[in-house]
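Encoded as structure tokens, the structure appears first; notes follow it.
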Amino acid sequence: MGTQHTSARPPAESRNAGKNPSPRTRTATPCGGVTHDNARHTARFTVIGNHLAQHAELSLLAIGLAVHIQSLPSGAPIGIRALAARFPEGTTRIAAALRELEAHGYLRRTRERTQDGHIVTRTVSCNQPGRTAATEEPKPQPKHPAHREDKPQPKRPARREDKPQRRALPAVPQPIYPAPEMLATALGVLSGLRRTDPRLLISATDAEHLVPGVAAWLERDLTPEAVHGALTTGLPQEPLHRPAALLAHRLTAQLPPLPLFRTPETSATRHPLQNCDTCDRAYRAPEPGTCAGCTD
């Protein structure tokens, strides 16, 4: 057997091993996959987390729309019609992508009533769902020796870990054109659910969250009575611990499709007005003559 030289120094590795292979090495590697040619940004860039760029459940349209929204300055319009005017996708696809982002926590949309009585939508873009700037704990600043206080600081009450935090309600569909009359009708539908089943008594905050979902149903040519029946039929027999969560699930899972587009009847397709030869009353007919009353 050969003798091992334990004192011998191992061969030196290349400084570029595993980092920047030489052109000869690159040509020897098998082709396939992406190769990045990155240059460092110094201005006009947006930091996007891989949890968004590589999201396993979001559609490609929703990911691209989230990147676009996060790159906009505060106050930029991101309504459905504004985005449809900016991109080739229509309002239906953009509305569906916004609902995806809201369902996964990248958008928060709330309805607020202004001083003049109008209802507006306030949209908040979240680059990290579940974390907000308000929840970030500020780093303690070191005190200057001259500003030391000898008085003992009052202790904060210990946080009760056994008290569960209130979970957020599931996202609900959003109407394409949230007219104030439709939102008021939707609120009336939610307020009347408890008359059919007292277990469906919900708070004002929960009703504000559910109103857009009911309006999305009304927008699909459903009557308030039909929406009321869909939300109250077939309820479980056991007690409802979170009735608002059940309503949010039904509004999303049982959302009916949009009605087919109907071309409005134009005056060209209707018979012209004629004056009755007997009573001189105006009526529609393809040719002059007598009206139905005089004909009978």
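Chain labels A, B, ... are given in the sequence in which chains occur in the structure tokens; within each chain residues are numbered consecutively from 1, and ligands are likewise numbered from 1 in the order shown.
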Checklist entry - Which residues in segment 32-244 of chain A does DSSP call strand (DSSP E or B)? List them as a list in words. => result Leu107, Arg108, Arg109, Thr110, Arg111, Glu112, Arg113, Ile119, Val120, Thr121, Arg122, Thr123, Val124 and Ser125 of chain A
Counting only C-alpha atoms, what are the residues of segment 184-294 of chain A within 12 Å of segment 81-99 of chain A, and for each of them which pair of atoms is the nearest and at what distance in Å, to one decimal? Sort the table by chain and rising number, as a tab-separated table.
```
residue	atom	partner	partner_atom	distance
A:Pro212	CA	A:Arg99	CA	11.6
A:Gly213	CA	A:Arg99	CA	11.0
A:Ala216	CA	A:Ala95	CA	11.3
A:Thr252	CA	A:Arg99	CA	10.3
A:Pro257	CA	A:Thr92	CA	11.4
A:Leu258	CA	A:Thr92	CA	9.7
```
Can those selected residues be exported to a file as a PDB file, in the first residue's frame so that it contains N, CA and C atoms?
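Contents of the output file part19.pdb:
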```
ATOM      1  N   PRO A 212     -69.857  44.128  -0.675  1.00  0.00           N
ATOM      2  CA  PRO A 212     -69.450  43.989  -2.080  1.00  0.00           C
ATOM      3  C   PRO A 212     -69.763  42.617  -2.660  1.00  0.00           C
ATOM      4  N   GLY A 213     -69.669  41.556  -1.849  1.00  0.00           N
ATOM      5  CA  GLY A 213     -69.984  40.227  -2.359  1.00  0.00           C
ATOM      6  C   GLY A 213     -71.439  40.085  -2.751  1.00  0.00           C
ATOM      7  N   ALA A 216     -72.006  41.931  -5.968  1.00  0.00           N
ATOM      8  CA  ALA A 216     -71.559  41.171  -7.139  1.00  0.00           C
ATOM      9  C   ALA A 216     -72.633  40.192  -7.603  1.00  0.00           C
ATOM     10  N   THR A 252     -68.610  33.442  -2.365  1.00  0.00           N
ATOM     11  CA  THR A 252     -67.516  33.170  -3.290  1.00  0.00           C
ATOM     12  C   THR A 252     -67.704  31.841  -4.011  1.00  0.00           C
ATOM     13  N   PRO A 257     -72.517  32.951 -12.797  1.00  0.00           N
ATOM     14  CA  PRO A 257     -71.772  33.610 -13.881  1.00  0.00           C
ATOM     15  C   PRO A 257     -72.424  34.922 -14.286  1.00  0.00           C
ATOM     16  N   LEU A 258     -71.662  35.739 -14.988  1.00  0.00           N
ATOM     17  CA  LEU A 258     -72.197  36.991 -15.505  1.00  0.00           C
ATOM     18  C   LEU A 258     -73.217  36.709 -16.594  1.00  0.00           C
TER      19      LEU A 258
END
```
Checklist entry - Quick one: distance from atom CA of Val214 of chain A to atom CA of Ser191 of chain A in Å, one decimal? => result 11.6 Å
Checklist entry - atom CA of Gly293 of chain A and atom CA of Asp277 of chain A, how far apart in Å? => result 11.7 Å
Next on the checklist: DSSP on the backbone, alpha helix (DSSP H) only: what residues of segment 72-111 of chain A does that give? Format it as number ranges by chain.
Outcome noted: A: 80-86, 91-103
Checklist entry - So which residues touch segment 67-79 of chain A within 10 Å, counting only C-alpha atoms, skipping near sequence neighbours fewer than 6 positions away, as a list in words? => result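 The contact residues come out as Arg44, Phe45, Thr46, Val47, Ile48, Gly49, Leu52, Ala53, Leu61, Ala85, Arg86, Thr91, Ile94, Ala95, Leu98, Tyr106, Leu107, Thr121, Arg122, Thr123, Val124, Ser125, Cys126, Asn127 and Ile176 of chain A.
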Next on the checklist: Please list as a VMD selection string every residue within 10 Å of Gln274 of chain A, counting only C-alpha atoms and excluding residues in the same chain fewer than 3 positions away.
Outcome noted: chain A and resid 271 277 280 to 291
Just-selected residues, all heavy atoms written as a tab-separated table (two decimals), in the first residue's frame:
```tsv
chain	number	residue	atom	x	y	z
A	271	HIS	N	-90.67	49.08	-35.50
A	271	HIS	CA	-91.53	49.63	-36.54
A	271	HIS	C	-91.69	51.13	-36.35
A	271	HIS	O	-91.71	51.64	-35.21
A	271	HIS	CB	-92.89	48.95	-36.50
A	271	HIS	CG	-92.84	47.49	-36.84
A	271	HIS	ND1	-92.24	47.02	-37.99
A	271	HIS	CD2	-93.30	46.39	-36.18
A	271	HIS	CE1	-92.34	45.71	-38.04
A	271	HIS	NE2	-92.96	45.29	-36.94
A	277	ASP	N	-105.68	55.92	-39.21
A	277	ASP	CA	-106.57	56.61	-40.16
A	277	ASP	C	-107.94	56.89	-39.58
A	277	ASP	O	-108.67	57.76	-40.07
A	277	ASP	CB	-106.71	55.75	-41.43
A	277	ASP	CG	-105.39	55.59	-42.17
A	277	ASP	OD1	-104.49	56.41	-41.94
A	277	ASP	OD2	-105.26	54.61	-42.95
A	280	ASP	N	-106.65	58.77	-35.44
A	280	ASP	CA	-105.47	59.63	-35.51
A	280	ASP	C	-104.53	59.44	-34.32
A	280	ASP	O	-103.76	60.32	-33.97
A	280	ASP	CB	-105.89	61.10	-35.61
A	280	ASP	CG	-104.76	61.95	-36.19
A	280	ASP	OD1	-103.97	61.43	-37.00
A	280	ASP	OD2	-104.64	63.13	-35.79
A	281	ARG	N	-104.62	58.26	-33.65
A	281	ARG	CA	-103.73	57.98	-32.53
A	281	ARG	C	-102.43	57.35	-33.06
A	281	ARG	O	-102.46	56.58	-34.03
A	281	ARG	CB	-104.41	57.03	-31.53
A	281	ARG	CG	-103.58	56.79	-30.27
A	281	ARG	CD	-104.37	56.00	-29.26
A	281	ARG	NE	-104.84	54.73	-29.83
A	281	ARG	CZ	-105.62	53.88	-29.17
A	281	ARG	NH1	-106.06	54.19	-27.94
A	281	ARG	NH2	-106.01	52.74	-29.75
A	282	ALA	N	-101.32	57.67	-32.42
A	282	ALA	CA	-100.02	57.16	-32.87
A	282	ALA	C	-99.85	55.71	-32.43
A	282	ALA	O	-100.20	55.35	-31.30
A	282	ALA	CB	-98.89	58.01	-32.31
A	283	TYR	N	-99.33	54.88	-33.31
A	283	TYR	CA	-99.03	53.49	-33.00
A	283	TYR	C	-97.92	53.04	-33.93
A	283	TYR	O	-97.61	53.71	-34.92
A	283	TYR	CB	-100.27	52.61	-33.17
A	283	TYR	CG	-100.69	52.39	-34.61
A	283	TYR	CD1	-100.38	51.20	-35.27
A	283	TYR	CD2	-101.35	53.39	-35.32
A	283	TYR	CE1	-100.75	51.01	-36.61
A	283	TYR	CE2	-101.72	53.20	-36.64
A	283	TYR	CZ	-101.41	52.01	-37.28
A	283	TYR	OH	-101.76	51.83	-38.59
A	284	ARG	N	-97.28	51.91	-33.60
A	284	ARG	CA	-96.17	51.40	-34.41
A	284	ARG	C	-96.67	50.29	-35.33
A	284	ARG	O	-97.33	49.35	-34.88
A	284	ARG	CB	-95.04	50.87	-33.52
A	284	ARG	CG	-94.34	51.96	-32.73
A	284	ARG	CD	-93.08	51.46	-32.04
A	284	ARG	NE	-92.42	52.52	-31.28
A	284	ARG	CZ	-91.57	53.39	-31.80
A	284	ARG	NH1	-91.27	53.30	-33.10
A	284	ARG	NH2	-91.01	54.31	-31.07
A	285	ALA	N	-96.28	50.41	-36.58
A	285	ALA	CA	-96.66	49.40	-37.57
A	285	ALA	C	-95.75	49.57	-38.76
A	285	ALA	O	-95.22	50.66	-39.02
A	285	ALA	CB	-98.13	49.56	-37.97
A	286	PRO	N	-95.57	48.50	-39.56
A	286	PRO	CA	-94.69	48.64	-40.73
A	286	PRO	C	-95.31	49.51	-41.81
A	286	PRO	O	-94.57	50.14	-42.59
A	286	PRO	CB	-94.50	47.19	-41.19
A	286	PRO	CG	-95.70	46.46	-40.66
A	286	PRO	CD	-96.02	47.13	-39.37
A	287	GLU	N	-96.63	49.59	-41.88
A	287	GLU	CA	-97.30	50.37	-42.92
A	287	GLU	C	-98.45	51.16	-42.30
A	287	GLU	O	-98.99	50.77	-41.27
A	287	GLU	CB	-97.82	49.45	-44.02
A	287	GLU	CG	-96.73	48.67	-44.75
A	287	GLU	CD	-97.32	47.74	-45.77
A	287	GLU	OE1	-98.57	47.63	-45.83
A	287	GLU	OE2	-96.52	47.10	-46.52
A	288	PRO	N	-98.85	52.28	-42.95
A	288	PRO	CA	-100.01	53.05	-42.45
A	288	PRO	C	-101.28	52.22	-42.49
A	288	PRO	O	-101.43	51.28	-43.27
A	288	PRO	CB	-100.07	54.25	-43.38
A	288	PRO	CG	-98.70	54.34	-44.01
A	288	PRO	CD	-98.20	52.93	-44.11
A	289	GLY	N	-102.20	52.56	-41.59
A	289	GLY	CA	-103.47	51.85	-41.53
A	289	GLY	C	-104.22	52.26	-40.29
A	289	GLY	O	-104.20	53.43	-39.88
A	290	THR	N	-104.86	51.32	-39.64
A	290	THR	CA	-105.62	51.58	-38.41
A	290	THR	C	-104.96	50.86	-37.27
A	290	THR	O	-104.33	49.81	-37.42
A	290	THR	CB	-107.08	51.10	-38.56
A	290	THR	OG1	-107.07	49.72	-38.88
A	290	THR	CG2	-107.80	51.88	-39.63
A	291	CYS	N	-105.09	51.42	-36.05
A	291	CYS	CA	-104.50	50.83	-34.85
A	291	CYS	C	-105.29	49.60	-34.45
A	291	CYS	O	-106.35	49.29	-35.01
A	291	CYS	CB	-104.46	51.84	-33.72
A	291	CYS	SG	-106.08	52.40	-33.16
```
Item to check | Two-atom distance - atom CA of Glu208 of chain A, atom CA of Leu247 of chain A (Å) | outcome: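 Answer for the atom CA of Glu208 of chain A to atom CA of Leu247 of chain A separation: 12.6 Å.
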Next on the checklist: Let me make sure I understand: among A:Pro243, A:Gly64, A:Pro170, A:Gly130, which one has the smallest atom-to-atom distance to Arg194 of chain A if we use only C-alpha atoms?
Outcome noted: A:Pro243
Next on the checklist: Give me the residues near segment 232-240 of chain A as a count of residues only, where near means some atom within 12 Å (using only C-alpha atoms) and where sequence neighbours in that chain fewer than 3 positions away do not count.
Outcome noted: 25
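Taking only C-alpha atoms into account, Asp221 of chain A lies nearest to A:Pro259 out of the set A:Pro259, A:His249, A:Gln254, A:Ala184.
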Item to check | Pick from A:Met182, A:Glu102, A:Val34, A:Ile80 nearest to Ile63 of chain A, counting only C-alpha atoms | outcome: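 That would be A:Glu102, the residue with the smallest distance to Ile63 of chain A.
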